[in-house]
Amino acid sequence: MAKMGLRGRLFFSHLLVMLIGVTSLVIIGKISSPRFFVSRLEQLDGPGFRLQYIRTRLIEGFEIAWNRSTFWSVLAGTTAAVGLSYWLTQRITQPLTQMDKITQKLAEGDWSERMSPSDIPELNQLAISFNQMAASLQNVEKERRELISDLTHELRTPLTVVRGYLEEIADGHIEPSSEIYQQLAKETKRLERLVNDLQELSKVESGYLPIHQKPVNLYSLLESLVQRFSDQLLEDGPILLLDSQPNLPWVLADIDRTEQILVNLLGNAIRYTETGTITVRTSHDFNFLWVAVIDTGIGISPEDLPHVFERFWRADRSRSRHSGGTGIGLAITRRLVELQGGKITVSSHLNKGSTFKFSLPLAL
Ligand code: ADP
């Protein structure tokens, strides 16, 4: 036997309930009504009130009347119940059928359709959750496409340069020299950095990066990083300063990830600051410790500022490409801050300098 759908099942279960109700009503009515009627007649049958002669006809009349009224009420009741049951079944199954159709469309890559609201609260909640899921899937799909297009763009340039040089050398158009090999090595290094950054980005974005937060005092980390970066700075370059008290309030942080954040921010500050100072400054409010990396470098223009945390974004593509930047560092940094429950902000003035500031929750 073919399997009955939800609509059929609901409809037949309603019918069954109705049939049982009507049958028991008719049977009980049929058995008990004449008895009650007869006993009522017996009570009336007293002195001066003789029913003896018309009793049989009265009972017959009652039965005919009862049968007729039961027939019509069963007919009207059943029709109303069937109609109501059909309407109710329709209302419950319609959103489910719609969901099935939309799911199939989603699977085929058509993201345009969404569930319409339902006036049954549970089904409405299901429709809302379904729409949220569809929206987030659509977003993932959009990001995936953007990532692939960005990635192709980023990979194409170094690959074209490398292939160009190799072909020229193979054809004998240019003599292989140490500069050319250096150029080739630089481009392959860029590719390598791109792949490493991407791996890191995919880890932080997919949430697979384990974060082990525990209460720490960040001062010694800040001190050792400032020391380490100061040693790398050139004589005529900027100077690195730490503006923080040693007894900082404790924060809930993953020390390795926090180091990664600071290395990214300090690395950028050094890359984009020729002279002046780079200051690491701490402050705190009721819930967060804020760490700011303040530089006096080239700055970022107001129209570029909203994009700095986007992956692959660079203020000046050719210049940053020259300096080896991939535009992924700040995207990773932001995710690392967010994964620890903090926020990151940026303010900047062109040719004056930039301030990147991130927060970490205080360990209460
Ligand atoms: P990159 O690897 O290119 O440095 P990031 O994501 O770290 O990638 O930075 C993105 C872009 O933001 C950089 O290319 C640069 O244009 C800009 N930027 C980041 N930090 C600074 C800074 N301290 N001063 C000026 N510009 C900056």
# chains A, B, ... in the order shown; residues from 1 in each chain; ligands from 1
>>> residues_around(residues="A:Pro306", least_positions_apart="3", cutoff="12 Å", atoms="only C-alpha atoms", output="list in words")
Ile300, Ser301, Pro302, Glu303, Phe309, Glu310, Trp313, Arg314, Ala315, Thr345, Val346, Ser347 and Ser348 of chain A
>>> residues_near_ligand(ligand="ligand 1", cutoff="6 Å", atoms="only C-alpha atoms and all ligand atoms", output="PyMOL selection string")
chain A and resi 268-269+272+297-300+308+313-316+320+325-331+354
>>> write_last_selection(atoms="N, CA, C and O atoms", output="mmCIF file, in the first residue's frame")
data_model
loop_
_atom_site.group_PDB
_atom_site.id
_atom_site.type_symbol
_atom_site.label_atom_id
_atom_site.label_comp_id
_atom_site.auth_asym_id
_atom_site.auth_seq_id
_atom_site.Cartn_x
_atom_site.Cartn_y
_atom_site.Cartn_z
ATOM 1 N N ASN A 268 52.498 46.092 11.514
ATOM 2 C CA ASN A 268 51.914 47.097 10.621
ATOM 3 C C ASN A 268 52.427 48.488 10.961
ATOM 4 O O ASN A 268 52.806 49.252 10.074
ATOM 5 N N ALA A 269 52.396 48.815 12.272
ATOM 6 C CA ALA A 269 52.809 50.158 12.694
ATOM 7 C C ALA A 269 54.237 50.427 12.226
ATOM 8 O O ALA A 269 54.544 51.505 11.697
ATOM 9 N N TYR A 272 54.412 50.870 8.359
ATOM 10 C CA TYR A 272 53.862 52.098 7.786
ATOM 11 C C TYR A 272 54.298 53.368 8.519
ATOM 12 O O TYR A 272 53.658 54.400 8.402
ATOM 13 N N GLY A 297 52.758 57.319 11.676
ATOM 14 C CA GLY A 297 53.131 56.955 10.307
ATOM 15 C C GLY A 297 52.292 57.615 9.236
ATOM 16 O O GLY A 297 51.755 58.707 9.438
ATOM 17 N N ILE A 298 52.143 56.915 8.114
ATOM 18 C CA ILE A 298 51.496 57.513 6.941
ATOM 19 C C ILE A 298 49.985 57.683 7.102
ATOM 20 O O ILE A 298 49.371 58.448 6.385
ATOM 21 N N GLY A 299 49.383 56.986 8.031
ATOM 22 C CA GLY A 299 47.944 57.128 8.272
ATOM 23 C C GLY A 299 47.093 56.486 7.184
ATOM 24 O O GLY A 299 47.605 55.967 6.193
ATOM 25 N N ILE A 300 45.794 56.524 7.416
ATOM 26 C CA ILE A 300 44.835 55.915 6.474
ATOM 27 C C ILE A 300 43.769 56.971 6.187
ATOM 28 O O ILE A 300 43.287 57.635 7.115
ATOM 29 N N VAL A 308 39.675 48.685 6.455
ATOM 30 C CA VAL A 308 40.966 48.107 6.856
ATOM 31 C C VAL A 308 40.887 46.676 7.396
ATOM 32 O O VAL A 308 41.839 45.924 7.256
ATOM 33 N N TRP A 313 42.172 43.549 1.763
ATOM 34 C CA TRP A 313 42.103 44.979 1.485
ATOM 35 C C TRP A 313 43.439 45.637 1.838
ATOM 36 O O TRP A 313 43.997 45.402 2.891
ATOM 37 N N ARG A 314 43.953 46.457 0.945
ATOM 38 C CA ARG A 314 45.173 47.242 1.203
ATOM 39 C C ARG A 314 44.933 48.637 0.685
ATOM 40 O O ARG A 314 44.318 48.816 -0.366
ATOM 41 N N ALA A 315 45.442 49.641 1.437
ATOM 42 C CA ALA A 315 45.191 51.034 1.034
ATOM 43 C C ALA A 315 45.743 51.282 -0.360
ATOM 44 O O ALA A 315 45.089 51.855 -1.210
ATOM 45 N N ASP A 316 46.947 50.826 -0.590
ATOM 46 C CA ASP A 316 47.570 51.054 -1.890
ATOM 47 C C ASP A 316 48.134 49.705 -2.320
ATOM 48 O O ASP A 316 49.176 49.285 -1.833
ATOM 49 N N SER A 320 51.688 48.182 -1.045
ATOM 50 C CA SER A 320 51.697 47.131 -0.024
ATOM 51 C C SER A 320 52.228 45.828 -0.588
ATOM 52 O O SER A 320 52.874 45.058 0.104
ATOM 53 N N GLY A 325 52.811 42.904 1.831
ATOM 54 C CA GLY A 325 51.539 42.775 2.552
ATOM 55 C C GLY A 325 50.534 41.963 1.757
ATOM 56 O O GLY A 325 50.505 42.007 0.534
ATOM 57 N N THR A 326 49.713 41.208 2.467
ATOM 58 C CA THR A 326 48.685 40.416 1.785
ATOM 59 C C THR A 326 47.288 40.972 2.053
ATOM 60 O O THR A 326 46.327 40.579 1.411
ATOM 61 N N GLY A 327 47.187 41.872 3.038
ATOM 62 C CA GLY A 327 45.868 42.426 3.355
ATOM 63 C C GLY A 327 45.029 41.476 4.181
ATOM 64 O O GLY A 327 43.825 41.673 4.326
ATOM 65 N N ILE A 328 45.650 40.459 4.728
ATOM 66 C CA ILE A 328 44.878 39.480 5.513
ATOM 67 C C ILE A 328 45.099 39.685 7.017
ATOM 68 O O ILE A 328 44.254 39.351 7.835
ATOM 69 N N GLY A 329 46.255 40.291 7.352
ATOM 70 C CA GLY A 329 46.658 40.421 8.762
ATOM 71 C C GLY A 329 45.581 41.002 9.665
ATOM 72 O O GLY A 329 45.281 40.437 10.722
ATOM 73 N N LEU A 330 44.960 42.115 9.250
ATOM 74 C CA LEU A 330 43.981 42.759 10.132
ATOM 75 C C LEU A 330 42.672 41.986 10.211
ATOM 76 O O LEU A 330 41.979 42.051 11.217
ATOM 77 N N ALA A 331 42.356 41.241 9.132
ATOM 78 C CA ALA A 331 41.143 40.395 9.176
ATOM 79 C C ALA A 331 41.335 39.323 10.238
ATOM 80 O O ALA A 331 40.433 39.040 11.033
ATOM 81 N N SER A 354 48.182 56.498 12.909
ATOM 82 C CA SER A 354 46.994 55.676 13.142
ATOM 83 C C SER A 354 47.018 55.117 14.559
ATOM 84 O O SER A 354 48.092 54.919 15.144
#
>>> closest_residue(among="A:Val195, A:Val22, A:Leu241, A:Leu305", to="A:Leu350", atoms="only C-alpha atoms")
A:Leu305
>>> closest_residue(among="A:Gly164, A:Pro249, A:Pro361, A:Gly21", to="A:Val74", atoms="only C-alpha atoms")
A:Gly21
>>> residues_around(residues="stretch 123-129 of chain A", least_positions_apart="6", cutoff="12 Å", atoms="only C-alpha atoms", output="list in words")
Arg91, Ile92, Thr93, Gln94, Pro95, Leu96, Thr97, Gln98, Met99, Asp100, Ile102, Thr103, Arg114, Met115, Ser116, Pro117, Ala135 and Ser136 of chain A
>>> write_last_selection(atoms="N, CA, C and O atoms", output="PDB file, in the first residue's frame")
ATOM      1  N   ARG A  91      -3.984  24.102   6.584  1.00  0.00           N
ATOM      2  CA  ARG A  91      -3.214  25.155   7.266  1.00  0.00           C
ATOM      3  C   ARG A  91      -1.912  24.611   7.858  1.00  0.00           C
ATOM      4  O   ARG A  91      -0.896  25.278   7.911  1.00  0.00           O
ATOM      5  N   ILE A  92      -1.956  23.361   8.336  1.00  0.00           N
ATOM      6  CA  ILE A  92      -0.753  22.784   8.951  1.00  0.00           C
ATOM      7  C   ILE A  92       0.221  22.300   7.876  1.00  0.00           C
ATOM      8  O   ILE A  92       1.422  22.497   7.991  1.00  0.00           O
ATOM      9  N   THR A  93      -0.300  21.697   6.822  1.00  0.00           N
ATOM     10  CA  THR A  93       0.621  21.095   5.845  1.00  0.00           C
ATOM     11  C   THR A  93       1.152  22.100   4.818  1.00  0.00           C
ATOM     12  O   THR A  93       2.227  21.908   4.277  1.00  0.00           O
ATOM     13  N   GLN A  94       0.407  23.200   4.605  1.00  0.00           N
ATOM     14  CA  GLN A  94       0.839  24.157   3.569  1.00  0.00           C
ATOM     15  C   GLN A  94       2.248  24.717   3.830  1.00  0.00           C
ATOM     16  O   GLN A  94       3.098  24.683   2.932  1.00  0.00           O
ATOM     17  N   PRO A  95       2.559  25.178   5.103  1.00  0.00           N
ATOM     18  CA  PRO A  95       3.925  25.680   5.333  1.00  0.00           C
ATOM     19  C   PRO A  95       4.982  24.600   5.141  1.00  0.00           C
ATOM     20  O   PRO A  95       6.085  24.881   4.667  1.00  0.00           O
ATOM     21  N   LEU A  96       4.626  23.343   5.486  1.00  0.00           N
ATOM     22  CA  LEU A  96       5.615  22.263   5.347  1.00  0.00           C
ATOM     23  C   LEU A  96       5.898  21.983   3.867  1.00  0.00           C
ATOM     24  O   LEU A  96       7.044  21.777   3.466  1.00  0.00           O
ATOM     25  N   THR A  97       4.843  22.032   3.056  1.00  0.00           N
ATOM     26  CA  THR A  97       5.036  21.821   1.612  1.00  0.00           C
ATOM     27  C   THR A  97       5.870  22.960   1.037  1.00  0.00           C
ATOM     28  O   THR A  97       6.785  22.736   0.235  1.00  0.00           O
ATOM     29  N   GLN A  98       5.574  24.193   1.525  1.00  0.00           N
ATOM     30  CA  GLN A  98       6.331  25.351   1.032  1.00  0.00           C
ATOM     31  C   GLN A  98       7.810  25.214   1.415  1.00  0.00           C
ATOM     32  O   GLN A  98       8.705  25.446   0.599  1.00  0.00           O
ATOM     33  N   MET A  99       8.055  24.764   2.655  1.00  0.00           N
ATOM     34  CA  MET A  99       9.437  24.601   3.128  1.00  0.00           C
ATOM     35  C   MET A  99      10.176  23.579   2.261  1.00  0.00           C
ATOM     36  O   MET A  99      11.337  23.774   1.905  1.00  0.00           O
ATOM     37  N   ASP A 100       9.474  22.519   1.923  1.00  0.00           N
ATOM     38  CA  ASP A 100      10.080  21.483   1.090  1.00  0.00           C
ATOM     39  C   ASP A 100      10.491  22.056  -0.274  1.00  0.00           C
ATOM     40  O   ASP A 100      11.603  21.833  -0.752  1.00  0.00           O
ATOM     41  N   ILE A 102      11.082  25.241  -1.017  1.00  0.00           N
ATOM     42  CA  ILE A 102      12.177  26.214  -0.882  1.00  0.00           C
ATOM     43  C   ILE A 102      13.499  25.492  -0.660  1.00  0.00           C
ATOM     44  O   ILE A 102      14.526  25.859  -1.224  1.00  0.00           O
ATOM     45  N   THR A 103      13.478  24.421   0.155  1.00  0.00           N
ATOM     46  CA  THR A 103      14.715  23.668   0.413  1.00  0.00           C
ATOM     47  C   THR A 103      15.295  23.148  -0.899  1.00  0.00           C
ATOM     48  O   THR A 103      16.510  23.221  -1.127  1.00  0.00           O
ATOM     49  N   ARG A 114      11.851  32.833   0.395  1.00  0.00           N
ATOM     50  CA  ARG A 114      11.834  32.665   1.851  1.00  0.00           C
ATOM     51  C   ARG A 114      10.444  32.195   2.279  1.00  0.00           C
ATOM     52  O   ARG A 114       9.483  32.365   1.548  1.00  0.00           O
ATOM     53  N   MET A 115      10.347  31.655   3.490  1.00  0.00           N
ATOM     54  CA  MET A 115       9.063  31.198   4.021  1.00  0.00           C
ATOM     55  C   MET A 115       8.182  32.399   4.367  1.00  0.00           C
ATOM     56  O   MET A 115       8.677  33.395   4.910  1.00  0.00           O
ATOM     57  N   SER A 116       6.875  32.291   4.093  1.00  0.00           N
ATOM     58  CA  SER A 116       5.974  33.362   4.507  1.00  0.00           C
ATOM     59  C   SER A 116       5.523  33.097   5.946  1.00  0.00           C
ATOM     60  O   SER A 116       5.512  31.938   6.385  1.00  0.00           O
ATOM     61  N   PRO A 117       5.174  34.166   6.699  1.00  0.00           N
ATOM     62  CA  PRO A 117       4.802  33.949   8.101  1.00  0.00           C
ATOM     63  C   PRO A 117       3.533  33.117   8.230  1.00  0.00           C
ATOM     64  O   PRO A 117       2.689  33.127   7.330  1.00  0.00           O
ATOM     65  N   ALA A 135      19.372  32.580   5.198  1.00  0.00           N
ATOM     66  CA  ALA A 135      20.154  33.812   5.048  1.00  0.00           C
ATOM     67  C   ALA A 135      21.620  33.556   5.373  1.00  0.00           C
ATOM     68  O   ALA A 135      22.522  34.045   4.673  1.00  0.00           O
ATOM     69  N   SER A 136      21.863  32.773   6.434  1.00  0.00           N
ATOM     70  CA  SER A 136      23.269  32.561   6.804  1.00  0.00           C
ATOM     71  C   SER A 136      23.960  31.659   5.781  1.00  0.00           C
ATOM     72  O   SER A 136      25.141  31.859   5.468  1.00  0.00           O
TER      73      SER A 136
END
>>> residues_around(residues="stretch 7-12 of chain A", least_positions_apart="4", cutoff="9 Å", atoms="only C-alpha atoms", output="NGL selection string")
:A and (16-17 or 82 or 85-86 or 88-90 or 92-93)
>>> write_last_selection(atoms="N, CA and C atoms", output="tab-separated table (two decimals), in the first residue's frame")
chain	number	residue	atom	x	y	z
A	16	LEU	N	-11.67	9.94	11.89
A	16	LEU	CA	-11.82	8.81	12.81
A	16	LEU	C	-12.38	9.29	14.15
A	17	VAL	N	-11.78	10.39	14.67
A	17	VAL	CA	-12.24	10.95	15.95
A	17	VAL	C	-13.71	11.32	15.82
A	82	VAL	N	-16.02	17.64	8.54
A	82	VAL	CA	-15.15	17.31	7.40
A	82	VAL	C	-14.54	18.60	6.83
A	85	SER	N	-12.00	20.02	9.25
A	85	SER	CA	-10.81	19.18	9.30
A	85	SER	C	-9.95	19.40	8.05
A	86	TYR	N	-10.61	19.56	6.90
A	86	TYR	CA	-9.89	19.80	5.66
A	86	TYR	C	-9.12	21.14	5.74
A	88	LEU	N	-8.17	22.78	8.45
A	88	LEU	CA	-7.11	22.71	9.46
A	88	LEU	C	-5.89	21.97	8.92
A	89	THR	N	-6.15	20.84	8.23
A	89	THR	CA	-5.07	20.04	7.66
A	89	THR	C	-4.27	20.87	6.65
A	90	GLN	N	-5.04	21.61	5.85
A	90	GLN	CA	-4.43	22.47	4.84
A	90	GLN	C	-3.49	23.50	5.49
A	92	ILE	N	-1.96	23.36	8.34
A	92	ILE	CA	-0.75	22.78	8.95
A	92	ILE	C	0.22	22.30	7.88
A	93	THR	N	-0.30	21.70	6.82
A	93	THR	CA	0.62	21.10	5.85
A	93	THR	C	1.15	22.10	4.82
>>> residues_around(residues="stretch 273-283 of chain A", least_positions_apart="4", cutoff="7 Å", atoms="only C-alpha atoms", output="VMD selection string")
chain A and resid 237 to 244 269 289 to 298
>>> atom_distance(atom1="atom CA of A:Gly109", atom2="atom CA of A:Arg311")
25.1 Å
>>> atom_distance(atom1="atom CA of A:Ile344", atom2="atom CA of A:Lys357")
5.6 Å
>>> select_by_dssp(residues="stretch 192-281 of chain A", states="helix (DSSP H, G or I)", output="ChimeraX atom specification")
/A:192-206,219-232,255-271
